[in-house]
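What follows is a single structure, written as structure tokens, with notes after it.
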Amino acid sequence: MPVAPYKNPELSVDERVADLLSRLTLEEKAGQLTQYFYTGTGEPIPEGLDIESLPPEHRIHVELPARIEAAVKAGRAGSLLFIRTPELSNRLQKYAVEESRLGIPLLFGFDVVHGWRTAFPVPIALAATWSEHTVEAVQSAAAREARAAGVHWTFAPMIDIARDPRWGRMIEGAGEDPVLGAAMAAAQVRGFQGDFGDDKLLAGPKHFLGYGAARGGRDYDDAEISDSELWNVYLPPFRAAVEAGAANVMSAYMDLNGVPAAASRRLLTGILREQLGFDGFVVSDANAVRSLAVQHFAADQKDAAVRALGAGLDMEMCAFDPAFDTLPDAVANGSISEEALDDAVRRVLTVKFRLGLFENPYADEAASDAVLASPEHRTLARDAAEQAIVLLKNAGHALPLDANAIGRVAVVGPLADARRDLLGPWIFAHDTSETVTIVDALRAVLGEDAVSYEAGAGLPERLHPSPFDVLDPSIERTPDDYDDDAAIDRAVVLAAASDVAIVVVGQRQNQIGEKASASTLDLPGRQLEQLRRIHATGTKVVLVVVSGRPLDIRWADEHVPAIVQAWYPGSRAGEAVAAVLLGEVSPAGRLPFTWPRHVGQLPLIYAHNRTFEPDDQDRRYFDESNAPLYPFGHGLSYSTFEYSNLTVGSPAIAVGDSTTVAVDVTNTGSREADEVVQLYVHQRYGTASRPVRELKGFRRVCLTAGETQRVEFPLTPAELRYWNSETASYVQDVTTFDIGIGADSTATLDASLSVIR
Ligand code: BGC
């Protein structure tokens with residue numbers, strides 16, 4: 001029997017897709033557009049098991065996987081998510097490839113956000129490296145591990161701009177800035193997906209569009225975004241991800257300007273496909289199509305399916321009972337055309353062919369362990385964590401600590417020894433025995449006897465339990481002991497008897513991330529009270545903050561000499577923190593967001609427009625400064641740097657032309673160190689008001705003591721234009737730009753560039 005053309009690898013992807021599409025029933029087409037949560041084991045249901053007799057919470061775990069497996073065999077499922085092992089991935093793939101009518105392989109998706117078995121720093125920390133190179137390498141290692149475990153596709157990177165740190169998901173992104181955000185988006189797509197090789201994952205940048213603007217920072221709340229912000233702030237990371245070739249995009253949950261993103265034709269077709277040129281497939285967020293009816297936008301599930309598909313959404317992610325099951329009927333009764341259905345199926349199949357799944361559907365079970373335990377990945381996890389750490393304050397050279405003359409060290413705070421919390425959220429395939437905690441690492445370097453540890457003030461549990469805790473058996477459930485006076489007393493006594501107290505404060509990993517919006521930026525529980533008491537002992541204090549959002553550390557900034565933002569650093573957390581505290585590396589991480597003084601200032605960004613009272617910019621609250629605690633781009637070093645000889649290629653260029661801005665950066669200190677060189681511009685006048693400054697370029701460089709490097713940045717029309725809401729188009733004004741290069745967003749803008757007709 002001749003081989004069907006779609007099975008012939010000699011034919012082009014388009015030819016194979018066309019052939020396969022012509023063979024599919026309407027039900028099979030809808031099946032390719034359906035992605036199920038899968039939480040089973042893949043083992044057949046034991047014979048004789050009386051499902052009816054099981055309690056409902058157990059029954060669902062037996063019934064649902066069995067239903068999904070039946071759907072796979074019937075060709076009614078195109079993709080599954082949450083499969084963690086190559087064995088399970090292969091077992092399920094076999095149902096699709098060998099038992100379904102046409103043998104179309106499944107795509108296995110998962111949230112591979114910052115690592116698989118090896119946990120890398122959380123994405124906001126990766127952004128704080130300001131190193132596209134490191135970020136690409138990290139996500140490439142994450143892809144290698146997840147692919148070895150049988151995963152094909154990651155629901156990442158999350159590239160939502162986040163300007164309100166009450167929103168927990170800011171930890172998954174790159175912060176407040178569109179230029180940094182775009183660079184990090186592209187680097188992650190290159191890392192995850194690259195050339196579609198067999199150690200890569202499809203990249204699924206998310207969530208399109210505007211999820212980070214959720215009202216009040218409350219997860220899933222609706223967002224109202226002006227056209228100017230939409231194009232100039234929220235869209236650039238997606239443009240960059242699409243240009244980097246992302247094969248998938250995930251739509252957002254919330255309403256944007258009154259329409260759910262999953263059913264917005266303007267977003268999914270008008271902007272994503274027509275304006276950005278995206279040619280991959282769009283997946284919904286979990287249950288977001290069904291939710292169109294739940295949130296009283298669609299009349300029922302059929303209406304939800306028709307409107308989502310009609311808007312340009314290709315695949316429905318859901319736990320059970322997909323709304324897309326109604327699509328065959330909808331085609332039959334004319335509510336949607338078969339062409340629309342075919343377009344979506346074509347996009348999904350194209351990606352399956354491009355990924356090589358028809359030739360190579362199975363994971364290599366024998367090779368998986370070696371990839372997961374890769375020593376190179378563990379080294380990279382440490383390097384990335386070191387590069388991400390931000391030295392926020394270092395009065396009187398309090399840091400680095402001298403390992404040879406350090407005396408007795410007190411380490412205080414449960415996060416200092418937390419094998420799970422130090423990894424951060426969105427890690428599901430880790431092994432907590434591989435986490436190196438801060439206590440572990442300091443003891444390894446300084447000796448067991450030199451380092452004493454007290455948990456001290458505990459971290460209160462969340463008000464509402466996180467559903468993610470259920471998925472993760474390694475979550476540390478400490479008793480609710482944050483109110484324990486004796487524990488705090490012990491920590492204070494230990495600190496008083498020590499030469500230095502390293503106090504680790506912050507939030508648990510389940511107090512940040514999805515479903516973890518916060519109404520306050522205060523340190524949870526009694527951490528501040530304990531810090532004040534430790535400070536009052538007179539022992540030198542070094543504060544280490546473990547968090548994925550800025551916390552209110554005003555008191556510490558006034559009183560504690562050294563403050564280190566460690567983020568959730570991942571598997572090698574402790575070693576990275578110790579390397580910075582002890583000066584083995586000079587910190588060079590920079591804040592990817594403005595660090596507010598107080599929750600009441602939110603949202604607070606550096607790239608705000610100028611008002612008619614420019615000198616009062618910092619005095620617009622009567623009871624609080626408008627200034628941040630630390631500016632965007634801030635981060636200190638153990639070395640010192642000088643910027644000189646700033647030049648702009650030509651003082652005037654015509655609209656549409658480009659020039660180059662350059663500066664000499666000299667390491668004037670006595671040790672090798674990295675520096676993040678940042679270019680800011682301000683457009684003085686034009687056809688719209690523009691921010692007081694905007695990042696337009698950055699480069700992380702490494703300079704030996706005394707070394708000078710000339711760092712150059714192109715300024716092209718792409719950097720100088722912006723979306724003008726009056727004309728609904730990109731414009732480049734005839735104007736003058738103030739230009740500056742420096743170490744953070746307070747750099748002086750003392751050069752200029754005229755743009756002439
Ligand atoms: C999140 C997505 C995620 C999906 C699958 C949703 O709740 O919003 O970002 O990819 O779950 O885990």
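Each chain of the structure tokens is named A, B, ... in the order shown, its residues numbered from 1; ligands are numbered from 1 in display order.
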Neighbourhood of ligand 1 at 6 Å, counting only C-alpha atoms and all ligand atoms, reported as a ChimeraX atom specification: /A:111,155,285-286
Using DSSP assignments from the backbone, pull out every residue in range 116-347 of chain A that falls under alpha helix (DSSP H) and give it to me as a PyMOL selection string. chain A and resi 123-128+132-148+178-192+227-229+236-243+265+288-294+301-311+327-332+338-347
Could you list, as a ChimeraX atom specification, every residue within 9 Å of range 351-355 of chain A, counting only C-alpha atoms and ignoring same-chain residues fewer than 5 positions away? /A:13,16-17,104-107,152,196-198,200-202,247-248,280-281,346,360
Just-selected residues, C-alpha atoms written as an mmCIF file, in the first residue's frame:
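Output file result-v1.cif is given in full below:
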data_model
loop_
_atom_site.group_PDB
_atom_site.id
_atom_site.type_symbol
_atom_site.label_atom_id
_atom_site.label_comp_id
_atom_site.auth_asym_id
_atom_site.auth_seq_id
_atom_site.Cartn_x
_atom_site.Cartn_y
_atom_site.Cartn_z
ATOM 1 C CA VAL A 13 5.236 20.744 5.247
ATOM 2 C CA ARG A 16 1.740 17.190 4.068
ATOM 3 C CA VAL A 17 -0.604 19.445 6.016
ATOM 4 C CA ILE A 104 -1.356 12.196 14.436
ATOM 5 C CA PRO A 105 1.122 12.688 17.280
ATOM 6 C CA LEU A 106 0.209 14.658 20.380
ATOM 7 C CA LEU A 107 1.948 17.846 21.371
ATOM 8 C CA HIS A 152 7.480 19.627 23.312
ATOM 9 C CA PHE A 196 13.199 23.792 16.239
ATOM 10 C CA GLY A 197 15.918 21.226 16.933
ATOM 11 C CA ASP A 198 15.277 17.998 18.813
ATOM 12 C CA LYS A 200 14.137 22.532 21.747
ATOM 13 C CA LEU A 201 10.587 23.441 22.782
ATOM 14 C CA LEU A 202 7.983 25.437 20.954
ATOM 15 C CA ALA A 247 5.498 29.326 16.961
ATOM 16 C CA ASN A 248 2.753 29.833 19.520
ATOM 17 C CA GLY A 280 1.911 30.257 14.398
ATOM 18 C CA PHE A 281 -1.095 29.090 16.406
ATOM 19 C CA ARG A 346 -3.617 23.918 9.480
ATOM 20 C CA ASN A 360 10.145 11.323 15.814
#
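Non-sequential neighbours of range 333-342 of chain A (distance at most 10 Å, separation of 2 or more positions within a chain, only C-alpha atoms) are Ala18, Leu21, Ser22, Leu24, Leu26, Lys29, Ala30, Leu33, Lys302, Asp303, Ala305, Val306, Arg307, Leu309, Gly310, Ala311, Gly312, Asp314, Leu327, Pro328, Asp329, Ala330, Val331, Ala344, Val345, Arg346, Arg347 and Val348 of chain A.
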Measure the distance from CA of Ala288 in chain A to CA of Leu180 in chain A in Å and round it to one decimal.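 According to the coordinates, CA of Ala288 in chain A and CA of Leu180 in chain A are separated by 28.9 Å.
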Give me the residues near range 692-699 of chain A as a ChimeraX atom specification, where near means some atom within 10 Å (using only C-alpha atoms) and where sequence neighbours in that chain fewer than 5 positions away do not count. /A:130-132,177-180,183,606-611,614,632-633,661,675-684,711-715,718-720,737-747,749
Any idea what's packed within 10 Å of Glu584 in chain A, counting only C-alpha atoms, ignoring anything in its chain fewer than 2 positions away? Could you give it as a ChimeraX atom specification? /A:386,400-401,403,576,578-582,586-587
